[in-house]
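> Provided herewith is a single structure, encoded as structure tokens, for subsequent inquiry.
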Amino acid sequence: LPVRVSETVCLSVVLLLSVVCLGVSSQPITDSQRLFSIAVNRVTHLHLLAQRLFSDFESSLQTEEQRQLNKVFLQDFCNSDYIISPIDKHETQRSSVLKLLSISYRLVESWEFPSRSLSGGSSLRNQISPRLSELKTGILLLIRANQDEAENYPDSDALQHAPYGNYYQSLGGNESLRQTYELLACFKKDMHKVETYLTVAKCRLSPEANCTL
């Protein structure tokens with residue numbers, strides 16, 4: 001119990017320090033910058049939660065189980081891989097702010113339903129769905145604020161993407177271990193992607209900043 005309380009406190013401290021940093025910036029903060037900072041803080045928290053859930057599940061497995069599941073996952077794919085996104089850090093840095101926001105929106109939206117099936121402690125799991133919803137709303141506001149950057153770019157109504165649906169459930173009851181592993185691994189992977197994309201997009205608002213990954 002003390003360990004879980006300590007970890008919860010650490011997550012809260014990360015968010016608190018991020019908010020404090022907003023107030024001590026030497027440069028005026030625009031509404032867009034403020035929205036970006038909030039979005040980055042939220043996805044950072046989600047990524048930490050994803051890492052914790054995955055780590056907890058891995059620690060419950062036998063060494064051989066971990067090895068086999070990791071091998072299968074490397075050969076498999078996440079449902080969100082159908083969402084076209086930058087293939088490396090160089091393409092990420094060349095992508096427009098609007099493109100990075102659009103991809104982030106699709107990734108977050110794709111987890112709204114399956115996030116309810118994530119295994120792990122209820123105190124952590126119960127934080128995920130509402131935080132995903134808040135993050136999606138924030139990203140949508142940023143998309144609308146940046147839509148004048150490119151002509152003929154899809155509006156928010158065109159950002160819908162098919163969710164995971166029954167993809168993992170179709171693996172069957174005898175695949176429950178693999179299902180849980182892949183779901184947690186994919187969630188962690190996607191939150192890392194969104195964190196990277198939003199961080200790069202936010203950096204673009206600061207011309208003097210070095211946005212190298």
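In the structure tokens, chains take letters A, B, ... by order of appearance, with residues numbered from 1 within each chain and ligands from 1 in the order shown.
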Hey, what's within 12 Å of segment 65-68 of chain A if we count only C-alpha atoms and toss same-chain stuff fewer than 6 positions away? As a list in words, please?
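Result of the neighbour search: Phe54, Ser55, Phe57, Glu58, Ser59, Leu74, Gln75, Leu177, Arg178, Tyr181 and Glu182 of chain A.
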> Could you list, as a list in words, every residue within 12 Å of Lys89 of chain A, counting only C-alpha atoms and ignoring same-chain residues fewer than 2 positions away?
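Everything that qualifies: Ser85, Pro86, Ile87, Glu91, Thr92, Gln93, Arg94, Ser95, Lys193, Thr196, Tyr197, Val200, Cys211, Thr212 and Leu213 of chain A.
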> Write out as a PyMOL selection string which residues come within 9 Å of segment 41-49 of chain A when counting only C-alpha atoms, dropping same-chain ones fewer than 2 positions away.
chain A and resi 11-12+14-15+18-19+36-39+51-54+124-125+127-128+131-132+134-135+187-192+194-195+198
> Restricting it to N, CA and C atoms, dump the selection as a JSON list (two decimals), in the first residue's frame.

[["chain", "number", "residue", "atom", "x", "y", "z"],
["A", 11, "LEU", "N", 3.00, 10.98, -9.35],
["A", 11, "LEU", "CA", 2.27, 11.41, -10.54],
["A", 11, "LEU", "C", 1.69, 12.79, -10.32],
["A", 12, "SER", "N", 1.18, 13.03, -9.11],
["A", 12, "SER", "CA", 0.58, 14.33, -8.81],
["A", 12, "SER", "C", 1.64, 15.41, -8.82],
["A", 14, "VAL", "N", 4.40, 15.49, -10.59],
["A", 14, "VAL", "CA", 4.77, 15.78, -11.97],
["A", 14, "VAL", "C", 3.82, 16.81, -12.57],
["A", 15, "LEU", "N", 2.51, 16.61, -12.36],
["A", 15, "LEU", "CA", 1.52, 17.53, -12.91],
["A", 15, "LEU", "C", 1.62, 18.89, -12.24],
["A", 18, "SER", "N", 4.57, 20.88, -13.49],
["A", 18, "SER", "CA", 4.33, 21.36, -14.87],
["A", 18, "SER", "C", 3.47, 22.61, -14.85],
["A", 19, "VAL", "N", 2.45, 22.62, -13.99],
["A", 19, "VAL", "CA", 1.57, 23.77, -13.90],
["A", 19, "VAL", "C", 2.32, 24.97, -13.34],
["A", 36, "PHE", "N", -1.61, 23.71, -25.15],
["A", 36, "PHE", "CA", -0.62, 22.69, -25.45],
["A", 36, "PHE", "C", 0.03, 22.15, -24.17],
["A", 37, "SER", "N", 0.34, 23.06, -23.26],
["A", 37, "SER", "CA", 0.97, 22.64, -22.01],
["A", 37, "SER", "C", 0.06, 21.71, -21.22],
["A", 38, "ILE", "N", -1.21, 22.04, -21.18],
["A", 38, "ILE", "CA", -2.18, 21.21, -20.47],
["A", 38, "ILE", "C", -2.28, 19.83, -21.14],
["A", 39, "ALA", "N", -2.34, 19.83, -22.49],
["A", 39, "ALA", "CA", -2.45, 18.56, -23.23],
["A", 39, "ALA", "C", -1.22, 17.69, -23.00],
["A", 51, "GLN", "N", 2.62, 2.86, -18.45],
["A", 51, "GLN", "CA", 3.85, 2.18, -18.08],
["A", 51, "GLN", "C", 3.67, 1.39, -16.79],
["A", 52, "ARG", "N", 2.97, 1.98, -15.84],
["A", 52, "ARG", "CA", 2.76, 1.32, -14.54],
["A", 52, "ARG", "C", 1.89, 0.06, -14.71],
["A", 53, "LEU", "N", 0.80, 0.17, -15.47],
["A", 53, "LEU", "CA", -0.09, -0.98, -15.68],
["A", 53, "LEU", "C", 0.65, -2.11, -16.39],
["A", 54, "PHE", "N", 1.45, -1.76, -17.41],
["A", 54, "PHE", "CA", 2.20, -2.78, -18.15],
["A", 54, "PHE", "C", 3.25, -3.43, -17.26],
["A", 124, "LEU", "N", -5.78, 2.92, -10.57],
["A", 124, "LEU", "CA", -5.09, 3.44, -11.75],
["A", 124, "LEU", "C", -5.98, 3.37, -12.98],
["A", 125, "ARG", "N", -6.61, 2.22, -13.16],
["A", 125, "ARG", "CA", -7.44, 1.99, -14.36],
["A", 125, "ARG", "C", -8.59, 2.98, -14.45],
["A", 127, "GLN", "N", -8.71, 5.96, -13.68],
["A", 127, "GLN", "CA", -8.29, 7.32, -14.06],
["A", 127, "GLN", "C", -8.18, 7.48, -15.57],
["A", 128, "ILE", "N", -8.05, 6.37, -16.28],
["A", 128, "ILE", "CA", -7.68, 6.43, -17.70],
["A", 128, "ILE", "C", -8.78, 6.96, -18.61],
["A", 131, "ARG", "N", -9.52, 10.69, -18.33],
["A", 131, "ARG", "CA", -8.37, 11.47, -18.77],
["A", 131, "ARG", "C", -8.22, 11.43, -20.29],
["A", 132, "LEU", "N", -8.54, 10.29, -20.89],
["A", 132, "LEU", "CA", -8.53, 10.21, -22.35],
["A", 132, "LEU", "C", -9.56, 11.15, -22.95],
["A", 134, "GLU", "N", -10.77, 13.91, -21.61],
["A", 134, "GLU", "CA", -10.31, 15.29, -21.42],
["A", 134, "GLU", "C", -9.22, 15.64, -22.43],
["A", 135, "LEU", "N", -8.31, 14.69, -22.66],
["A", 135, "LEU", "CA", -7.23, 14.92, -23.60],
["A", 135, "LEU", "C", -7.77, 15.08, -25.02],
["A", 187, "PHE", "N", -1.34, 0.10, -25.63],
["A", 187, "PHE", "CA", -1.74, 1.35, -24.97],
["A", 187, "PHE", "C", -0.51, 2.15, -24.59],
["A", 188, "LYS", "N", 0.48, 1.50, -24.04],
["A", 188, "LYS", "CA", 1.72, 2.18, -23.66],
["A", 188, "LYS", "C", 2.41, 2.76, -24.90],
["A", 189, "LYS", "N", 2.45, 1.97, -25.96],
["A", 189, "LYS", "CA", 3.08, 2.41, -27.21],
["A", 189, "LYS", "C", 2.38, 3.63, -27.79],
["A", 190, "ASP", "N", 1.05, 3.62, -27.80],
["A", 190, "ASP", "CA", 0.29, 4.73, -28.39],
["A", 190, "ASP", "C", 0.36, 6.00, -27.55],
["A", 191, "MET", "N", 0.37, 5.85, -26.22],
["A", 191, "MET", "CA", 0.49, 7.04, -25.37],
["A", 191, "MET", "C", 1.88, 7.68, -25.51],
["A", 192, "HIS", "N", 2.88, 6.84, -25.75],
["A", 192, "HIS", "CA", 4.22, 7.36, -26.01],
["A", 192, "HIS", "C", 4.23, 8.16, -27.31],
["A", 194, "VAL", "N", 1.65, 9.70, -28.77],
["A", 194, "VAL", "CA", 0.91, 10.96, -28.58],
["A", 194, "VAL", "C", 1.74, 11.96, -27.79],
["A", 195, "GLU", "N", 2.41, 11.48, -26.76],
["A", 195, "GLU", "CA", 3.27, 12.36, -25.96],
["A", 195, "GLU", "C", 4.35, 12.99, -26.83],
["A", 198, "LEU", "N", 2.67, 15.58, -29.44],
["A", 198, "LEU", "CA", 2.21, 16.82, -28.82],
["A", 198, "LEU", "C", 3.39, 17.65, -28.31]]
> Name all residues at most 7 Å from Thr180 of chain A (count only C-alpha atoms; drop same-chain ones fewer than 4 positions away) and give them as a ChimeraX atom specification.
/A:119,176,184
> Let me make sure I understand: among A:His90, A:Gln147, A:Leu183, A:Leu140, which one has the smallest atom-to-atom distance to Arg116 of chain A if we use only C-alpha atoms?
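Using only C-alpha atoms, the shortest distance to Arg116 of chain A belongs to A:Leu183.
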